[in-house]
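Here the structure is laid out as structure tokens; the discussion comes afterwards.
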Amino acid sequence: MSDALLSVRDLVVEFPTRKGILTAVDRVSFDIARGEVLGVVGESGAGKSMTGSAIIGLIEPPGHIAGGTISIAGQRIDNLPYEAMRRVRGKRIGMVFQDPLTSLNPIYTIAEQLIETIRTHMDLNERQARDRAIGLLDQVGIPAASRRIDDYPHQFSGGMRQRVVIALALCVEPELIIADEPTTALDVSVQSQIIDVLKRMCADHGTAIMLITHDMGVIAEAADRVVVMYAGRVAEIGAVRDVIKDAKHPYTKGLMGSIPTLMQDSDRLTQIPGTMPRLTDIPPGCAFSKRCPEAFDRCFVEQPDCRPYQGRDVACLLYDEGKPQ
Amino acid sequence: MTDVLVGIENLSRDFDVSKPWLNRVLENEEKKFVTAVNDVSFEIRRGETFALVGESGSGKSTIAKLIVGLIRPTGGQILFDGTNVATRGSASMRQLRSRFQMIFQDPFASLNPRWRVKDIIAEPLRTFGVVEGRAAWEKRVDELLETVGLSAKDGAKYPHEFSGGQRQRVAIARALSAQPEFIVCDEPTSALDVSVQAQILNLMRDLQDEFGLTYLFISHDLSVVRHMASRIGVLYLGRLVEVAEGKTLFREPKHPYTKMLLDAVPDLEMTGRSRQPVEGEIPNPIDPPSGCTYHPRCPLANDRCKREVPVLKLHENTKAACFALEEGRG
């Protein structure tokens, strides 16, 4: 086994509906190394959050994992019983969600929530757990942590709440943190503070992060490698610099062109024609074929696999041998 | 005829956030007010896109609502083509209203779910009497749908049958139907995915060229503002701290807050620039700091900044409200 901390292989998540089976995640594979920040980017419905939920075993029924494996440090976690999975969550995998108000319990103080989590997973007494909690709040940049620890969530601002959630995710030193849109609800100035906290904490503790976001800018700032998802499938995986500066998949190219930037002057943004297909209505062959400016006949019948190409993996038939000239 | 289409002069708006009367009497408390917009003045020239940027609570949406008349100002005035909007009687206001329209952030909330799209688009046509007779407005609705990139037969559908981007197109068609000169766009693309955002922004630019529209564009996203605006105003806690041409603002930001804000935008170019860590958070607007409201977070602040409120003054090509700039500190 390689030194991958998290290994996802051919993951399939399905939702049975009245109109038939809906495939929200379709044969997705990737690895996260220890201490690495892996960005997962895509538009609404691309399956990025669903992949995150699958890893922590929190897919809402009737949705379920219909195929593939998820392992952490070589141990499979996709088929664990509920109680065993509960111990993995929190202990080995921490979570940070988009809205910090919903991930904190409004009727308990921050102290009670942190101490409970620490004592569930670690053999510490009340006093030691409280000291540890204060130390963590201090590290994530909450001023006067020893006093503010007895406040309730509503007494904190949005940015401060997200810091508390990060402290909560980190309190038992997990190996991996899944951060699902951690900065989407925040203002830019607060967003840059939270990205800094996440990066610093993970560097200090050697924690790996799976950073799920729709914002390519956040990925550029924070991630080492990035997975680009489209309609439940992986389009491209590679080092952030490669993907941003020299995208290969036509979808990634279109996505990058559609983002206005601070630096360049252009009158028009590149636009991808059409919209992402509904999950009930994914075309045969490549999911992007109908919108792709470079599609050729094979794209409409064959579903491309993710293959290595120039130092990254691309799921596009343009980079396959049979490409027409 | 002047070059200025919309003039905002010393505009202010307070909101009453007091506890109920009985609580105030029992707890012996005074009435409390939040000043959401505080002495803001700027002008929008005909045919340009003027953008307001700021973080949550900076008062940008309140200004949008004040301009279209959804709420009334506490002080100051709004001049539309030379006439004061706030003091007009309802009949003449109605006539004036047909000349400006608004596009809202959430295309799910701004379209009536029980109405067909063609009725939604036709409502301003009928209200303002732009066209006479059913056949005429139906023809006009079809044209509008095609103008915004939908097809004429989409008119028979209901809003839930459309995606977010398509709904925003419907909202734009509705805004265009009364043939306005001025459109207030409050975060028109914030609820959309980037690729859809690109489609909508391109459409808005094309329409501006085609119909000679003037936009007030409100957004928290600096890259979008950079792309769309000819001039930009930066708001902080209800006050305008800097107004400049788009290019100038991004090349040479003057106010320390603008500098901090630009620095905080994630860098897609990956230049590996070192950035100044952002200090502090926006203070509570109920109890804003004295003097310049930015002084607790400002690296250049001194005693004067704590006592006096700076006003917008011209520094080269930029208007900025900052004592550090005036005195050449920093």
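We name chains A, B, ... following the order of the structure tokens; residues begin at 1 in each chain, and ligands are numbered from 1 as shown.
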
If we count only C-alpha atoms, which residues of chain A reach to within 9 Å of chain B? Please list them as JSON, numbers by chain.
-> {"A": [42, 43, 44, 157, 159, 186, 187, 188, 189, 190, 191, 192, 193, 196, 214, 215, 216, 217, 218, 219, 220, 221, 241, 244, 245, 254, 255, 256, 257, 258, 259, 260, 261, 262, 263, 264, 265, 266, 267, 268, 269, 270, 271, 272, 273, 274, 275]}

Saved selection, atoms kept: C-alpha atoms, as a compact mmCIF listing (two decimals), in the first residue's frame:
# COMPACT_ATOMS: atom_id res chain seq x y z
CA GLY A 42 -17.24 21.70 -8.99
CA GLU A 43 -20.55 23.45 -9.51
CA SER A 44 -23.80 22.67 -7.69
CA SER A 157 -19.49 36.39 15.08
CA GLY A 159 -15.85 34.11 11.52
CA LEU A 186 -18.13 34.37 5.24
CA ASP A 187 -16.94 37.75 3.95
CA VAL A 188 -13.68 37.81 1.95
CA SER A 189 -11.61 39.36 4.71
CA VAL A 190 -12.84 36.75 7.19
CA GLN A 191 -12.45 34.03 4.55
CA SER A 192 -8.75 34.76 4.20
CA GLN A 193 -8.37 34.55 8.00
CA ASP A 196 -4.90 30.88 7.09
CA HIS A 214 -17.04 25.90 -5.53
CA ASP A 215 -14.49 28.71 -5.35
CA MET A 216 -11.38 28.17 -7.46
CA GLY A 217 -9.72 31.10 -5.68
CA VAL A 218 -9.91 29.30 -2.33
CA ILE A 219 -8.38 26.20 -3.95
CA ALA A 220 -5.56 28.28 -5.46
CA GLU A 221 -4.80 29.79 -2.05
CA ARG A 241 -0.74 25.04 -10.39
CA ILE A 244 -5.18 26.41 -12.93
CA LYS A 245 -2.47 27.50 -15.34
CA GLY A 254 -14.28 26.57 -19.61
CA LEU A 255 -14.59 26.84 -15.84
CA MET A 256 -11.31 28.72 -15.51
CA GLY A 257 -12.27 31.08 -18.34
CA SER A 258 -15.60 31.89 -16.74
CA ILE A 259 -14.02 33.23 -13.55
CA PRO A 260 -13.46 36.98 -13.59
CA THR A 261 -10.04 37.85 -12.17
CA LEU A 262 -8.62 40.90 -10.50
CA MET A 263 -5.63 41.16 -12.81
CA GLN A 264 -6.67 40.87 -16.40
CA ASP A 265 -8.76 43.15 -18.56
CA SER A 266 -11.28 41.42 -20.73
CA ASP A 267 -14.57 42.53 -22.08
CA ARG A 268 -16.22 39.15 -22.08
CA LEU A 269 -15.86 36.06 -20.00
CA THR A 270 -15.56 32.72 -21.70
CA GLN A 271 -18.86 31.01 -21.31
CA ILE A 272 -19.70 27.34 -21.42
CA PRO A 273 -22.90 26.94 -23.43
CA GLY A 274 -25.86 25.29 -21.70
CA THR A 275 -26.05 24.04 -18.12

Would you kindly return, as a VMD selection string, each protein, DNA or RNA residue with an atom no farther than 9 Å from any atom of Ile72 (chain A), considering only C-alpha atoms and excluding same-chain residues fewer than 3 positions away?
-> chain A and resid 4 to 8 75 to 77 92

Would you write out those residues with C-alpha atoms, as a PDB file, in the first residue's frame?
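Okay, this is what ended up in selection22.pdb:
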ATOM      1  CA  ALA A   4      -1.955   7.453   0.991  1.00  0.00           C
ATOM      2  CA  LEU A   5      -3.923   8.318   4.117  1.00  0.00           C
ATOM      3  CA  LEU A   6      -7.327   8.240   2.475  1.00  0.00           C
ATOM      4  CA  SER A   7      -7.929   6.131  -0.552  1.00  0.00           C
ATOM      5  CA  VAL A   8     -11.189   6.269  -2.498  1.00  0.00           C
ATOM      6  CA  GLN A  75      -8.414   0.066   6.766  1.00  0.00           C
ATOM      7  CA  ARG A  76     -11.742  -0.062   4.938  1.00  0.00           C
ATOM      8  CA  ILE A  77     -14.337   2.261   6.442  1.00  0.00           C
ATOM      9  CA  ARG A  92      -9.817   9.940  12.862  1.00  0.00           C
TER      10      ARG A  92
END

Separation of CA of His64 (chain A) and CA of Met210 (chain A), in Å?
-> 20.7 Å

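Every protein, DNA or RNA residue with an atom at most 10 Å from Tyr152 (chain A), where only C-alpha atoms count and chain neighbours fewer than 5 positions away do not, is listed here: Leu104, Asn105, Pro106, Ile107, Tyr108, Thr109, Ile110, Ala111, Glu112, Gln113 and Arg161 of chain A.
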
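Shortest separation to Glu175 (chain A) among A:Arg225, A:Arg34, A:Lys290, A:Arg87 occurs at residue A:Arg34, atoms counted being only C-alpha atoms.
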
Contacts of Val28 (chain A) within 8 Å, only C-alpha atoms, excl. fewer than 4 positions in-chain, as a list in words |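 Surrounding residues, per the criterion: Val8, Arg9, Asp10, Leu11, Val12, Gly232, Arg233 and Val234 of chain A.
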
Deliver the residues from the most recent selection as a file, using N, CA and C atoms, as a PDB file, in the first residue's frame.
ATOM      1  N   VAL A   8      -9.832   6.494  -1.993  1.00  0.00           N
ATOM      2  CA  VAL A   8     -11.189   6.269  -2.498  1.00  0.00           C
ATOM      3  C   VAL A   8     -11.062   5.607  -3.860  1.00  0.00           C
ATOM      4  N   ARG A   9     -11.713   4.464  -4.014  1.00  0.00           N
ATOM      5  CA  ARG A   9     -11.612   3.722  -5.270  1.00  0.00           C
ATOM      6  C   ARG A   9     -12.993   3.432  -5.858  1.00  0.00           C
ATOM      7  N   ASP A  10     -13.211   3.925  -7.061  1.00  0.00           N
ATOM      8  CA  ASP A  10     -14.444   3.621  -7.820  1.00  0.00           C
ATOM      9  C   ASP A  10     -15.717   3.811  -7.009  1.00  0.00           C
ATOM     10  N   LEU A  11     -15.746   4.866  -6.217  1.00  0.00           N
ATOM     11  CA  LEU A  11     -16.901   5.121  -5.359  1.00  0.00           C
ATOM     12  C   LEU A  11     -18.149   5.442  -6.189  1.00  0.00           C
ATOM     13  N   VAL A  12     -19.244   4.740  -5.870  1.00  0.00           N
ATOM     14  CA  VAL A  12     -20.521   5.005  -6.528  1.00  0.00           C
ATOM     15  C   VAL A  12     -21.561   5.266  -5.439  1.00  0.00           C
ATOM     16  N   GLY A 232     -21.074  14.342 -11.138  1.00  0.00           N
ATOM     17  CA  GLY A 232     -20.829  13.141 -10.350  1.00  0.00           C
ATOM     18  C   GLY A 232     -19.560  12.395 -10.710  1.00  0.00           C
ATOM     19  N   ARG A 233     -18.844  12.870 -11.718  1.00  0.00           N
ATOM     20  CA  ARG A 233     -17.626  12.180 -12.152  1.00  0.00           C
ATOM     21  C   ARG A 233     -16.413  13.084 -12.017  1.00  0.00           C
ATOM     22  N   VAL A 234     -15.239  12.452 -11.952  1.00  0.00           N
ATOM     23  CA  VAL A 234     -14.011  13.225 -11.915  1.00  0.00           C
ATOM     24  C   VAL A 234     -13.647  13.631 -13.341  1.00  0.00           C
TER      25      VAL A 234
END

Determine, counting only C-alpha atoms, which protein, DNA and RNA residues have an atom within 12 Å of an atom of Cys299 (chain A); residues of the same chain fewer than 5 positions away are not included. Present the result as a list in words.
-> Pro283, Pro284, Gly285, Cys286, Ala287, Phe288, Ser289, Lys290, Arg291, Cys292, Pro293, Glu294, Pro304, Asp305, Ala315, Cys316, Leu317, Leu318, Tyr319, Asp320, Gly322, Lys323 and Pro324 of chain A

Take the selection from the previous step and output its residues with C-alpha atoms, as a compact mmCIF listing (two decimals), in the first residue's frame.
# COMPACT_ATOMS: atom_id res chain seq x y z
CA PRO A 283 -25.96 11.88 -21.74
CA PRO A 284 -24.39 8.54 -22.72
CA GLY A 285 -20.65 8.69 -23.22
CA CYS A 286 -18.89 11.68 -21.67
CA ALA A 287 -21.18 13.69 -19.38
CA PHE A 288 -19.77 16.94 -20.79
CA SER A 289 -20.07 15.93 -24.46
CA LYS A 290 -23.18 18.00 -25.24
CA ARG A 291 -21.55 21.24 -24.05
CA CYS A 292 -18.01 20.48 -25.16
CA PRO A 293 -16.56 22.59 -27.99
CA GLU A 294 -14.06 19.87 -28.82
CA PRO A 304 -13.84 8.23 -20.74
CA ASP A 305 -11.74 6.86 -17.86
CA ALA A 315 -10.97 11.87 -18.09
CA CYS A 316 -11.19 13.00 -21.69
CA LEU A 317 -10.98 11.12 -24.95
CA LEU A 318 -9.01 13.97 -26.54
CA TYR A 319 -5.98 12.70 -24.68
CA ASP A 320 -6.58 9.08 -25.62
CA GLY A 322 -7.72 7.32 -30.79
CA LYS A 323 -7.88 11.10 -31.03
CA PRO A 324 -8.69 12.32 -34.54

Find the spatial neighbours of Thr213 (chain A), counting only C-alpha atoms, within a cut-off of 7 Å - ignore same-chain residues fewer than 2 positions away - and output them as a PyMOL selection string.
-> chain A and resi 40-41+180-181+211+215

Any chance you could list, as a ChimeraX atom specification, the residues in region 83-191 of chain B that come up helix (DSSP H, G or I) when DSSP is run on the backbone?
-> /B:90-97,117-127,134-147,152-156,159-161,164-177

Once DSSP has gone over the backbone, tell me which residues of region 6-234 of chain B are in strand (DSSP E), as an MDAnalysis selection string.
-> chainID B and resid 6:16 33:45 49:53 75:80 83:84 100:103 182:186 214:219 231:234

Might you pull out every residue within 10 Å of Cys298 (chain B), with only C-alpha atoms counted and same-chain residues fewer than 5 positions away left off, and present them as a CSV table (one decimal) with N, CA and C atoms, in the first residue's frame?
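To be explicit, this is the file written out as result_30.csv:
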chain,number,residue,atom,x,y,z
B,255,HIS,N,-7.3,53.8,0.3
B,255,HIS,CA,-7.8,53.7,1.6
B,255,HIS,C,-7.3,52.4,2.2
B,256,PRO,N,-6.8,52.4,3.5
B,256,PRO,CA,-6.3,51.2,4.1
B,256,PRO,C,-7.3,50.0,4.1
B,257,TYR,N,-8.6,50.3,4.2
B,257,TYR,CA,-9.6,49.3,4.2
B,257,TYR,C,-9.6,48.6,2.8
B,260,MET,N,-6.7,46.4,2.3
B,260,MET,CA,-6.9,45.1,3.1
B,260,MET,C,-7.9,44.2,2.3
B,279,GLU,N,-6.5,41.8,10.0
B,279,GLU,CA,-6.6,42.1,11.4
B,279,GLU,C,-8.1,42.3,11.8
B,280,GLY,N,-8.6,41.7,12.8
B,280,GLY,CA,-9.9,42.0,13.4
B,280,GLY,C,-11.1,41.7,12.5
B,292,CYS,N,-13.1,57.8,12.7
B,292,CYS,CA,-13.1,56.9,11.5
B,292,CYS,C,-13.4,55.5,12.0
B,293,THR,N,-14.5,54.9,11.5
B,293,THR,CA,-14.9,53.6,12.0
B,293,THR,C,-13.9,52.5,11.7
B,305,CYS,N,-7.7,60.0,14.1
B,305,CYS,CA,-8.6,59.1,13.5
B,305,CYS,C,-9.7,58.6,14.5
B,324,ALA,N,-4.9,59.6,7.3
B,324,ALA,CA,-3.5,59.1,7.0
B,324,ALA,C,-3.1,59.6,5.6

For Arg97 (chain B), the closest of B:Thr147, B:Leu111, B:Leu22, B:Gln179 counting only C-alpha atoms is B:Gln179

What separation in Å, quoted to one decimal, exists between CA of Glu146 (chain B) and CA of Val184 (chain B)?
->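 Those two atoms sit 21.8 Å apart.
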
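Of the residues listed (B:Ala173, B:Leu26, B:Leu213, B:Ile67), B:Leu213 shows the shortest atom-to-atom separation from Glu48 (chain B); distances use only C-alpha atoms.
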